[in-house]
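Data from protein.cif: mmCIF, N, CA and C atoms and all ligand atoms
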data_work
#
loop_
_atom_site.label_atom_id
_atom_site.label_comp_id
_atom_site.auth_asym_id
_atom_site.auth_seq_id
_atom_site.Cartn_x
_atom_site.Cartn_y
_atom_site.Cartn_z
N MET Q 1 9.64 -61.97 -108.61
CA MET Q 1 10.91 -61.22 -108.53
C MET Q 1 11.01 -60.48 -107.20
N ARG Q 2 9.88 -59.82 -106.85
CA ARG Q 2 9.90 -59.05 -105.61
C ARG Q 2 10.07 -59.98 -104.40
N ILE Q 3 9.40 -61.12 -104.47
CA ILE Q 3 9.51 -62.08 -103.36
C ILE Q 3 10.94 -62.57 -103.22
N LEU Q 4 11.55 -62.83 -104.36
CA LEU Q 4 12.93 -63.31 -104.34
C LEU Q 4 13.83 -62.27 -103.67
N LEU Q 5 13.61 -60.99 -104.01
CA LEU Q 5 14.42 -59.92 -103.45
C LEU Q 5 14.23 -59.86 -101.94
N ARG Q 6 12.96 -59.96 -101.52
CA ARG Q 6 12.68 -59.88 -100.10
C ARG Q 6 13.32 -61.04 -99.33
N THR Q 7 13.26 -62.22 -99.92
CA THR Q 7 13.85 -63.38 -99.26
C THR Q 7 15.35 -63.19 -99.12
N SER Q 8 15.97 -62.66 -100.18
CA SER Q 8 17.43 -62.54 -100.07
C SER Q 8 17.82 -61.45 -99.08
N VAL Q 9 16.99 -60.39 -98.97
CA VAL Q 9 17.27 -59.36 -97.97
C VAL Q 9 17.15 -59.96 -96.57
N ALA Q 10 16.11 -60.76 -96.37
CA ALA Q 10 15.91 -61.38 -95.06
C ALA Q 10 17.08 -62.31 -94.74
N MET Q 11 17.53 -63.05 -95.73
CA MET Q 11 18.63 -63.98 -95.49
C MET Q 11 19.92 -63.24 -95.18
N LEU Q 12 20.11 -62.13 -95.88
CA LEU Q 12 21.31 -61.33 -95.66
C LEU Q 12 21.30 -60.77 -94.22
N ALA Q 13 20.13 -60.27 -93.80
CA ALA Q 13 20.01 -59.72 -92.45
C ALA Q 13 20.30 -60.81 -91.42
N PHE Q 14 19.77 -61.98 -91.68
CA PHE Q 14 20.00 -63.10 -90.76
C PHE Q 14 21.49 -63.43 -90.69
N ALA Q 15 22.12 -63.52 -91.85
CA ALA Q 15 23.54 -63.87 -91.90
C ALA Q 15 24.38 -62.82 -91.17
N MET Q 16 23.99 -61.55 -91.33
CA MET Q 16 24.75 -60.49 -90.67
C MET Q 16 24.61 -60.55 -89.16
N THR Q 17 23.38 -60.77 -88.69
CA THR Q 17 23.17 -60.88 -87.25
C THR Q 17 23.99 -62.04 -86.71
N PHE Q 18 23.91 -63.14 -87.42
CA PHE Q 18 24.58 -64.33 -86.94
C PHE Q 18 26.10 -64.14 -86.90
N SER Q 19 26.66 -63.51 -87.93
CA SER Q 19 28.11 -63.38 -87.94
C SER Q 19 28.59 -62.37 -86.90
N THR Q 20 27.79 -61.32 -86.61
CA THR Q 20 28.21 -60.38 -85.56
C THR Q 20 28.24 -61.11 -84.22
N TRP Q 21 27.24 -61.95 -84.00
CA TRP Q 21 27.16 -62.67 -82.74
C TRP Q 21 28.38 -63.58 -82.58
N SER Q 22 28.72 -64.35 -83.62
CA SER Q 22 29.85 -65.26 -83.43
C SER Q 22 31.17 -64.49 -83.40
N ALA Q 23 31.23 -63.35 -84.10
CA ALA Q 23 32.45 -62.54 -84.04
C ALA Q 23 32.65 -62.01 -82.62
N ALA Q 24 31.55 -61.59 -81.98
CA ALA Q 24 31.64 -61.09 -80.61
C ALA Q 24 32.11 -62.21 -79.68
N GLN Q 25 31.59 -63.40 -79.91
CA GLN Q 25 32.00 -64.52 -79.07
C GLN Q 25 33.48 -64.83 -79.23
N ASN Q 26 33.95 -64.78 -80.48
CA ASN Q 26 35.37 -65.04 -80.71
C ASN Q 26 36.23 -63.95 -80.11
N ALA Q 27 35.79 -62.70 -80.24
CA ALA Q 27 36.55 -61.60 -79.66
C ALA Q 27 36.65 -61.79 -78.16
N GLY Q 28 35.55 -62.17 -77.52
CA GLY Q 28 35.55 -62.39 -76.08
C GLY Q 28 36.47 -63.53 -75.70
N ALA Q 29 36.44 -64.61 -76.48
CA ALA Q 29 37.29 -65.77 -76.17
C ALA Q 29 38.76 -65.40 -76.31
N ASP Q 30 39.10 -64.63 -77.34
CA ASP Q 30 40.50 -64.23 -77.55
C ASP Q 30 40.98 -63.31 -76.42
N LEU Q 31 40.12 -62.36 -76.06
CA LEU Q 31 40.47 -61.44 -74.98
C LEU Q 31 40.67 -62.21 -73.68
N PHE Q 32 39.76 -63.13 -73.44
CA PHE Q 32 39.82 -63.90 -72.19
C PHE Q 32 41.15 -64.65 -72.13
N LYS Q 33 41.51 -65.27 -73.24
CA LYS Q 33 42.76 -66.04 -73.30
C LYS Q 33 43.97 -65.14 -73.03
N SER Q 34 43.96 -63.92 -73.62
CA SER Q 34 45.14 -63.08 -73.46
C SER Q 34 45.18 -62.30 -72.14
N LYS Q 35 44.01 -61.92 -71.59
CA LYS Q 35 44.01 -61.05 -70.41
C LYS Q 35 43.58 -61.72 -69.11
N CYS Q 36 42.86 -62.80 -69.19
CA CYS Q 36 42.21 -63.33 -67.98
C CYS Q 36 42.65 -64.74 -67.63
N ALA Q 37 43.11 -65.49 -68.65
CA ALA Q 37 43.37 -66.92 -68.43
C ALA Q 37 44.50 -67.17 -67.44
N MET Q 38 45.44 -66.21 -67.28
CA MET Q 38 46.54 -66.45 -66.35
C MET Q 38 46.04 -66.61 -64.92
N CYS Q 39 44.91 -66.04 -64.60
CA CYS Q 39 44.33 -66.25 -63.26
C CYS Q 39 43.16 -67.23 -63.34
N HIS Q 40 42.23 -66.97 -64.25
CA HIS Q 40 40.99 -67.76 -64.28
C HIS Q 40 41.11 -69.08 -65.04
N GLY Q 41 42.21 -69.28 -65.78
CA GLY Q 41 42.35 -70.49 -66.59
C GLY Q 41 41.58 -70.33 -67.89
N ALA Q 42 42.04 -71.01 -68.96
CA ALA Q 42 41.41 -70.86 -70.28
C ALA Q 42 39.94 -71.27 -70.24
N ASP Q 43 39.60 -72.20 -69.35
CA ASP Q 43 38.21 -72.66 -69.25
C ASP Q 43 37.43 -71.94 -68.14
N GLY Q 44 38.06 -70.93 -67.51
CA GLY Q 44 37.38 -70.15 -66.48
C GLY Q 44 37.25 -70.84 -65.13
N LYS Q 45 37.81 -72.02 -65.00
CA LYS Q 45 37.63 -72.77 -63.75
C LYS Q 45 38.56 -72.28 -62.64
N GLY Q 46 39.57 -71.49 -63.00
CA GLY Q 46 40.47 -70.96 -61.97
C GLY Q 46 41.45 -71.98 -61.44
N GLU Q 47 41.70 -73.04 -62.24
CA GLU Q 47 42.64 -74.06 -61.77
C GLU Q 47 44.07 -73.73 -62.20
N THR Q 48 44.51 -72.52 -61.85
CA THR Q 48 45.88 -72.10 -62.16
C THR Q 48 46.55 -71.83 -60.82
N ALA Q 49 47.87 -71.66 -60.83
CA ALA Q 49 48.60 -71.39 -59.59
C ALA Q 49 48.01 -70.12 -58.94
N MET Q 50 47.81 -69.07 -59.76
CA MET Q 50 47.24 -67.82 -59.26
C MET Q 50 45.81 -68.04 -58.78
N GLY Q 51 45.05 -68.79 -59.57
CA GLY Q 51 43.65 -69.04 -59.24
C GLY Q 51 43.49 -69.72 -57.90
N LYS Q 52 44.38 -70.68 -57.61
CA LYS Q 52 44.30 -71.40 -56.34
C LYS Q 52 44.67 -70.47 -55.19
N LYS Q 53 45.72 -69.67 -55.41
CA LYS Q 53 46.16 -68.75 -54.37
C LYS Q 53 45.06 -67.73 -54.04
N LEU Q 54 44.35 -67.29 -55.09
CA LEU Q 54 43.33 -66.26 -54.90
C LEU Q 54 41.95 -66.84 -54.58
N ALA Q 55 41.86 -68.19 -54.51
CA ALA Q 55 40.59 -68.86 -54.23
C ALA Q 55 39.48 -68.42 -55.19
N LEU Q 56 39.77 -68.47 -56.48
CA LEU Q 56 38.80 -68.05 -57.49
C LEU Q 56 37.64 -69.03 -57.60
N ARG Q 57 36.47 -68.48 -57.85
CA ARG Q 57 35.32 -69.34 -58.12
C ARG Q 57 35.34 -69.71 -59.60
N ASP Q 58 34.82 -70.88 -59.91
CA ASP Q 58 34.66 -71.33 -61.29
C ASP Q 58 33.66 -70.37 -61.96
N LEU Q 59 34.10 -69.71 -63.05
CA LEU Q 59 33.22 -68.72 -63.70
C LEU Q 59 31.98 -69.37 -64.31
N GLY Q 60 32.04 -70.68 -64.58
CA GLY Q 60 30.88 -71.37 -65.13
C GLY Q 60 29.92 -71.87 -64.06
N SER Q 61 30.30 -71.72 -62.78
CA SER Q 61 29.47 -72.25 -61.70
C SER Q 61 28.18 -71.46 -61.53
N ALA Q 62 27.19 -72.09 -60.91
CA ALA Q 62 25.89 -71.46 -60.71
C ALA Q 62 26.03 -70.17 -59.90
N ASP Q 63 26.92 -70.16 -58.90
CA ASP Q 63 27.10 -68.97 -58.05
C ASP Q 63 27.51 -67.74 -58.85
N VAL Q 64 28.41 -67.96 -59.81
CA VAL Q 64 28.85 -66.84 -60.63
C VAL Q 64 27.80 -66.52 -61.70
N GLN Q 65 27.25 -67.56 -62.33
CA GLN Q 65 26.30 -67.37 -63.43
C GLN Q 65 24.98 -66.74 -63.00
N LYS Q 66 24.63 -66.87 -61.71
CA LYS Q 66 23.34 -66.29 -61.28
C LYS Q 66 23.40 -64.77 -61.21
N GLN Q 67 24.59 -64.19 -61.26
CA GLN Q 67 24.73 -62.73 -61.25
C GLN Q 67 24.39 -62.18 -62.63
N SER Q 68 23.89 -60.94 -62.65
CA SER Q 68 23.44 -60.35 -63.92
C SER Q 68 24.63 -59.95 -64.79
N ASP Q 69 24.35 -59.72 -66.08
CA ASP Q 69 25.39 -59.23 -67.00
C ASP Q 69 26.01 -57.95 -66.45
N ALA Q 70 25.16 -57.07 -65.89
CA ALA Q 70 25.65 -55.79 -65.38
C ALA Q 70 26.60 -56.02 -64.19
N GLU Q 71 26.28 -56.98 -63.34
CA GLU Q 71 27.15 -57.27 -62.20
C GLU Q 71 28.51 -57.81 -62.67
N LEU Q 72 28.46 -58.76 -63.61
CA LEU Q 72 29.70 -59.34 -64.13
C LEU Q 72 30.54 -58.25 -64.81
N ALA Q 73 29.88 -57.42 -65.63
CA ALA Q 73 30.60 -56.33 -66.31
C ALA Q 73 31.19 -55.39 -65.26
N GLY Q 74 30.47 -55.17 -64.16
CA GLY Q 74 30.94 -54.31 -63.08
C GLY Q 74 32.21 -54.83 -62.44
N PHE Q 75 32.29 -56.14 -62.19
CA PHE Q 75 33.51 -56.73 -61.60
C PHE Q 75 34.69 -56.53 -62.53
N ILE Q 76 34.45 -56.70 -63.84
CA ILE Q 76 35.55 -56.57 -64.81
C ILE Q 76 35.97 -55.09 -64.90
N THR Q 77 35.01 -54.20 -64.88
CA THR Q 77 35.31 -52.77 -65.00
C THR Q 77 35.99 -52.23 -63.74
N LYS Q 78 35.41 -52.56 -62.58
CA LYS Q 78 35.87 -51.95 -61.33
C LYS Q 78 36.75 -52.86 -60.48
N GLY Q 79 36.81 -54.16 -60.84
CA GLY Q 79 37.58 -55.10 -60.03
C GLY Q 79 36.77 -55.61 -58.86
N LYS Q 80 37.30 -56.64 -58.19
CA LYS Q 80 36.62 -57.22 -57.03
C LYS Q 80 37.71 -57.82 -56.16
N ASN Q 81 37.85 -57.39 -54.92
CA ASN Q 81 38.95 -57.83 -54.06
C ASN Q 81 40.28 -57.74 -54.82
N LYS Q 82 40.92 -58.88 -55.08
CA LYS Q 82 42.22 -58.86 -55.77
C LYS Q 82 42.09 -58.86 -57.29
N MET Q 83 40.88 -58.89 -57.78
CA MET Q 83 40.66 -58.85 -59.24
C MET Q 83 41.00 -57.45 -59.73
N PRO Q 84 41.91 -57.35 -60.72
CA PRO Q 84 42.27 -56.01 -61.21
C PRO Q 84 41.11 -55.33 -61.94
N ALA Q 85 41.04 -54.01 -61.88
CA ALA Q 85 40.02 -53.25 -62.62
C ALA Q 85 40.51 -53.05 -64.05
N TYR Q 86 39.60 -53.20 -65.01
CA TYR Q 86 39.97 -53.03 -66.42
C TYR Q 86 39.42 -51.74 -67.00
N ASP Q 87 38.91 -50.88 -66.12
CA ASP Q 87 38.39 -49.59 -66.54
C ASP Q 87 39.51 -48.82 -67.25
N GLY Q 88 39.26 -48.35 -68.48
CA GLY Q 88 40.29 -47.62 -69.21
C GLY Q 88 41.23 -48.52 -70.00
N LYS Q 89 41.30 -49.82 -69.62
CA LYS Q 89 42.18 -50.74 -70.35
C LYS Q 89 41.39 -51.49 -71.42
N LEU Q 90 40.12 -51.73 -71.13
CA LEU Q 90 39.25 -52.40 -72.10
C LEU Q 90 38.06 -51.49 -72.37
N SER Q 91 37.55 -51.52 -73.60
CA SER Q 91 36.38 -50.70 -73.91
C SER Q 91 35.13 -51.39 -73.37
N ALA Q 92 34.04 -50.63 -73.25
CA ALA Q 92 32.77 -51.20 -72.78
C ALA Q 92 32.36 -52.35 -73.70
N GLU Q 93 32.65 -52.20 -74.99
CA GLU Q 93 32.30 -53.24 -75.95
C GLU Q 93 33.09 -54.52 -75.68
N GLN Q 94 34.39 -54.37 -75.39
CA GLN Q 94 35.21 -55.55 -75.10
C GLN Q 94 34.73 -56.24 -73.83
N ILE Q 95 34.34 -55.43 -72.83
CA ILE Q 95 33.85 -56.00 -71.58
C ILE Q 95 32.55 -56.77 -71.84
N GLY Q 96 31.70 -56.19 -72.72
CA GLY Q 96 30.47 -56.89 -73.11
C GLY Q 96 30.78 -58.23 -73.78
N ASP Q 97 31.80 -58.25 -74.65
CA ASP Q 97 32.21 -59.49 -75.31
C ASP Q 97 32.67 -60.51 -74.28
N LEU Q 98 33.39 -60.04 -73.25
CA LEU Q 98 33.88 -60.94 -72.21
C LEU Q 98 32.72 -61.54 -71.41
N VAL Q 99 31.72 -60.71 -71.12
CA VAL Q 99 30.55 -61.22 -70.39
C VAL Q 99 29.86 -62.30 -71.23
N LYS Q 100 29.74 -62.05 -72.54
CA LYS Q 100 29.14 -63.06 -73.43
C LYS Q 100 29.95 -64.34 -73.39
N PHE Q 101 31.27 -64.19 -73.39
CA PHE Q 101 32.13 -65.39 -73.35
C PHE Q 101 31.91 -66.14 -72.03
N ILE Q 102 31.83 -65.41 -70.92
CA ILE Q 102 31.63 -66.05 -69.61
C ILE Q 102 30.31 -66.84 -69.61
N ARG Q 103 29.29 -66.30 -70.29
CA ARG Q 103 28.00 -67.02 -70.39
C ARG Q 103 28.15 -68.35 -71.12
N THR Q 104 29.13 -68.46 -72.01
CA THR Q 104 29.30 -69.73 -72.74
C THR Q 104 29.92 -70.79 -71.84
N LEU Q 105 30.44 -70.38 -70.67
CA LEU Q 105 31.10 -71.34 -69.76
C LEU Q 105 30.08 -72.03 -68.86
N LYS Q 106 28.85 -71.51 -68.87
CA LYS Q 106 27.80 -72.03 -67.99
C LYS Q 106 27.61 -73.54 -68.18
N LYS Q 107 27.46 -74.22 -67.06
CA LYS Q 107 27.31 -75.68 -67.12
C LYS Q 107 25.90 -76.08 -67.52
C1 LIG Q 201 45.44 -61.18 -61.25
C2 LIG Q 201 44.48 -62.25 -61.42
C3 LIG Q 201 43.20 -61.95 -62.19
C4 LIG Q 201 43.09 -61.57 -63.51
C5 LIG Q 201 44.19 -61.29 -64.51
C6 LIG Q 201 41.66 -61.49 -63.78
N1 LIG Q 201 40.94 -61.81 -62.66
FE1 LIG Q 201 38.91 -61.94 -62.52
N2 LIG Q 201 39.06 -62.29 -60.54
C7 LIG Q 201 40.25 -62.34 -59.82
C8 LIG Q 201 39.94 -62.33 -58.40
C9 LIG Q 201 40.95 -62.39 -57.27
C10 LIG Q 201 38.51 -62.27 -58.30
C11 LIG Q 201 37.66 -62.14 -57.04
C12 LIG Q 201 37.48 -63.38 -56.29
C13 LIG Q 201 36.74 -63.02 -55.02
O1 LIG Q 201 37.39 -62.61 -54.07
O2 LIG Q 201 35.50 -63.14 -55.03
C14 LIG Q 201 38.00 -62.26 -59.65
C15 LIG Q 201 36.65 -62.23 -59.96
C16 LIG Q 201 36.15 -62.16 -61.23
C17 LIG Q 201 34.75 -62.19 -61.55
C18 LIG Q 201 33.61 -62.32 -60.55
C19 LIG Q 201 33.44 -63.79 -60.25
C20 LIG Q 201 32.69 -64.05 -58.98
O3 LIG Q 201 33.24 -64.82 -58.17
O4 LIG Q 201 31.60 -63.51 -58.82
C21 LIG Q 201 34.66 -62.10 -62.91
C22 LIG Q 201 33.37 -62.10 -63.75
C23 LIG Q 201 36.00 -62.01 -63.43
N3 LIG Q 201 36.88 -62.06 -62.39
C24 LIG Q 201 36.32 -61.88 -64.76
C25 LIG Q 201 37.59 -61.61 -65.23
C26 LIG Q 201 37.89 -61.24 -66.59
C27 LIG Q 201 36.87 -61.16 -67.71
C28 LIG Q 201 39.23 -61.01 -66.65
C29 LIG Q 201 40.06 -60.55 -67.86
C30 LIG Q 201 39.70 -59.25 -68.44
C31 LIG Q 201 39.79 -61.25 -65.33
N4 LIG Q 201 38.76 -61.60 -64.50
C32 LIG Q 201 41.12 -61.15 -65.01
C33 LIG Q 201 41.51 -62.39 -60.36
C34 LIG Q 201 41.84 -62.08 -61.67
#
What do you get writing this file as structure tokens?
Amino acid sequence: MRILLRTSVAMLAFAMTFSTWSAAQNAGADLFKSKCAMCHGADGKGETAMGKKLALRDLGSADVQKQSDAELAGFITKGKNKMPAYDGKLSAEQIGDLVKFIRTLKK
């Protein structure tokens, strides 16, 4: 009986961790689509009219992906050249979700 209880607690913990992770990924994907895709494109490649004008790098490229989570979060928070700053518009948690989403674009 005790073993059964322990197994179900472990399974519940696993399920909870897993669902938070995928919920964060979905939140990041939704945010990206609504706030970022007009410049970076839904796939992050920057193949939009704005993206071409601004000479955006492909967010999934090695050059962008080699930067740390903190650096990527910094660009989103503070902006970079013509990239708008999202400080005050997005919470730190939302920015974290976006960084996670950008990691899924890695080739
Ligand atoms: C108005 C167009 C625009 C929008 C909207 C925009 N960006 Fe950007 N983004 C840029 C530009 C311009 C750069 C900087 C390119 C450069 O000069 O290096 C950039 C750079 C970045 C970088 C750094 C990439 C690199 O080359 O190292 C990240 C990460 C990024 N944007 C994420 C986002 C996220 C996440 C959002 C949505 C919250 C977003 N951007 C919305 C225009 C935009």
Got a sec to check which residues lie within 9 Å of ligand LIG 201 (chain Q), using only C-alpha atoms and all ligand atoms, and send them as an MDAnalysis selection string?
chainID Q and resid 28 31:40 44 46 50:51 53:59 63:65 67 71:77 79:86 90 94:95 98:99 101:102
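Counting only N, CA and C atoms, the residue from Q:Ala29, Q:Thr48, Q:Asp43, Q:Gly88 that sits nearest to Gly60 of chain Q is Q:Asp43.
If only C-alpha atoms are the atoms counted, then among Q:Asn26, Q:Ala10, Q:Leu5, Q:Thr17 the closest residue to Thr104 of chain Q is Q:Asn26.
What separates atom C of Asp30 of chain Q from atom C of Arg103 of chain Q is a distance of 14.8 Å.
If you look at atom CA of Ala62 of chain Q and atom CA of Lys106 of chain Q, they are 7.5 Å away from each other.
The coordinates place atom N of Gly41 of chain Q at 15.9 Å from atom N of Lys100 of chain Q.
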Return as a count of residues only the full set of residues in chain Q whose backbone-based DSSP assignment is alpha helix (DSSP H).
65
Just asking: which residues within chain Q are strand (DSSP E or B) according to DSSP, as a PyMOL selection string?
chain Q and resi 80+83+87+90
Each side padded by 3 Å, which centre and which edge lengths in Å (one decimal) define the axis-aligned box around the listed atoms of segment 78-96 of chain Q? Give them as lines of an AutoDock Vina configuration file.
center_x = 36.4
center_y = -53.3
center_z = -65.0
size_x = 17.8
size_y = 17.3
size_z = 27.9
File for segment 47-80 of chain Q (N, CA and C atoms), as a compact mmCIF listing (two decimals), in the first residue's frame:
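New file out.txt:
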# COMPACT_ATOMS: atom_id res chain seq x y z
N GLU Q 47 11.99 36.29 -42.07
CA GLU Q 47 11.69 36.46 -43.49
C GLU Q 47 10.39 37.22 -43.69
N THR Q 48 10.30 38.40 -43.07
CA THR Q 48 9.13 39.25 -43.21
C THR Q 48 9.62 40.55 -43.85
N ALA Q 49 8.68 41.39 -44.29
CA ALA Q 49 9.06 42.66 -44.91
C ALA Q 49 9.91 43.46 -43.90
N MET Q 50 9.44 43.52 -42.64
CA MET Q 50 10.18 44.23 -41.60
C MET Q 50 11.52 43.56 -41.34
N GLY Q 51 11.50 42.25 -41.27
CA GLY Q 51 12.71 41.49 -40.98
C GLY Q 51 13.80 41.75 -42.01
N LYS Q 52 13.41 41.82 -43.28
CA LYS Q 52 14.39 42.06 -44.34
C LYS Q 52 14.93 43.48 -44.24
N LYS Q 53 14.03 44.43 -43.97
CA LYS Q 53 14.45 45.82 -43.86
C LYS Q 53 15.43 46.00 -42.70
N LEU Q 54 15.17 45.28 -41.60
CA LEU Q 54 16.00 45.44 -40.40
C LEU Q 54 17.20 44.48 -40.39
N ALA Q 55 17.34 43.66 -41.45
CA ALA Q 55 18.44 42.69 -41.54
C ALA Q 55 18.51 41.80 -40.30
N LEU Q 56 17.38 41.20 -39.94
CA LEU Q 56 17.33 40.34 -38.76
C LEU Q 56 18.07 39.03 -38.98
N ARG Q 57 18.69 38.56 -37.92
CA ARG Q 57 19.32 37.24 -37.98
C ARG Q 57 18.26 36.20 -37.68
N ASP Q 58 18.42 35.03 -38.25
CA ASP Q 58 17.55 33.89 -37.97
C ASP Q 58 17.74 33.52 -36.49
N LEU Q 59 16.65 33.56 -35.71
CA LEU Q 59 16.77 33.29 -34.26
C LEU Q 59 17.21 31.86 -33.98
N GLY Q 60 17.00 30.95 -34.95
CA GLY Q 60 17.43 29.56 -34.75
C GLY Q 60 18.87 29.32 -35.16
N SER Q 61 19.52 30.35 -35.73
CA SER Q 61 20.89 30.17 -36.23
C SER Q 61 21.89 30.02 -35.10
N ALA Q 62 23.03 29.43 -35.42
CA ALA Q 62 24.08 29.19 -34.41
C ALA Q 62 24.54 30.50 -33.78
N ASP Q 63 24.63 31.58 -34.58
CA ASP Q 63 25.09 32.87 -34.06
C ASP Q 63 24.20 33.40 -32.94
N VAL Q 64 22.89 33.23 -33.11
CA VAL Q 64 21.98 33.70 -32.08
C VAL Q 64 21.94 32.69 -30.93
N GLN Q 65 21.89 31.40 -31.26
CA GLN Q 65 21.75 30.36 -30.23
C GLN Q 65 22.97 30.24 -29.32
N LYS Q 66 24.14 30.68 -29.79
CA LYS Q 66 25.34 30.55 -28.93
C LYS Q 66 25.32 31.55 -27.77
N GLN Q 67 24.44 32.54 -27.82
CA GLN Q 67 24.33 33.50 -26.73
C GLN Q 67 23.56 32.86 -25.57
N SER Q 68 23.87 33.33 -24.35
CA SER Q 68 23.26 32.71 -23.17
C SER Q 68 21.80 33.14 -23.01
N ASP Q 69 21.07 32.40 -22.18
CA ASP Q 69 19.68 32.75 -21.88
C ASP Q 69 19.61 34.19 -21.36
N ALA Q 70 20.59 34.56 -20.51
CA ALA Q 70 20.59 35.89 -19.92
C ALA Q 70 20.78 36.96 -21.00
N GLU Q 71 21.63 36.67 -21.98
CA GLU Q 71 21.85 37.64 -23.06
C GLU Q 71 20.59 37.81 -23.90
N LEU Q 72 19.96 36.67 -24.25
CA LEU Q 72 18.73 36.74 -25.05
C LEU Q 72 17.64 37.48 -24.28
N ALA Q 73 17.50 37.15 -22.99
CA ALA Q 73 16.49 37.83 -22.17
C ALA Q 73 16.81 39.33 -22.10
N GLY Q 74 18.10 39.67 -22.06
CA GLY Q 74 18.53 41.06 -22.02
C GLY Q 74 18.11 41.83 -23.27
N PHE Q 75 18.26 41.22 -24.45
CA PHE Q 75 17.85 41.89 -25.70
C PHE Q 75 16.35 42.15 -25.69
N ILE Q 76 15.58 41.17 -25.18
CA ILE Q 76 14.12 41.32 -25.17
C ILE Q 76 13.73 42.40 -24.14
N THR Q 77 14.40 42.41 -23.01
CA THR Q 77 14.08 43.38 -21.96
C THR Q 77 14.49 44.80 -22.35
N LYS Q 78 15.74 44.92 -22.83
CA LYS Q 78 16.30 46.26 -23.06
C LYS Q 78 16.32 46.68 -24.52
N GLY Q 79 16.04 45.73 -25.44
CA GLY Q 79 16.10 46.05 -26.85
C GLY Q 79 17.52 45.94 -27.38
N LYS Q 80 17.65 46.00 -28.72
CA LYS Q 80 18.97 45.91 -29.35
C LYS Q 80 18.85 46.65 -30.67
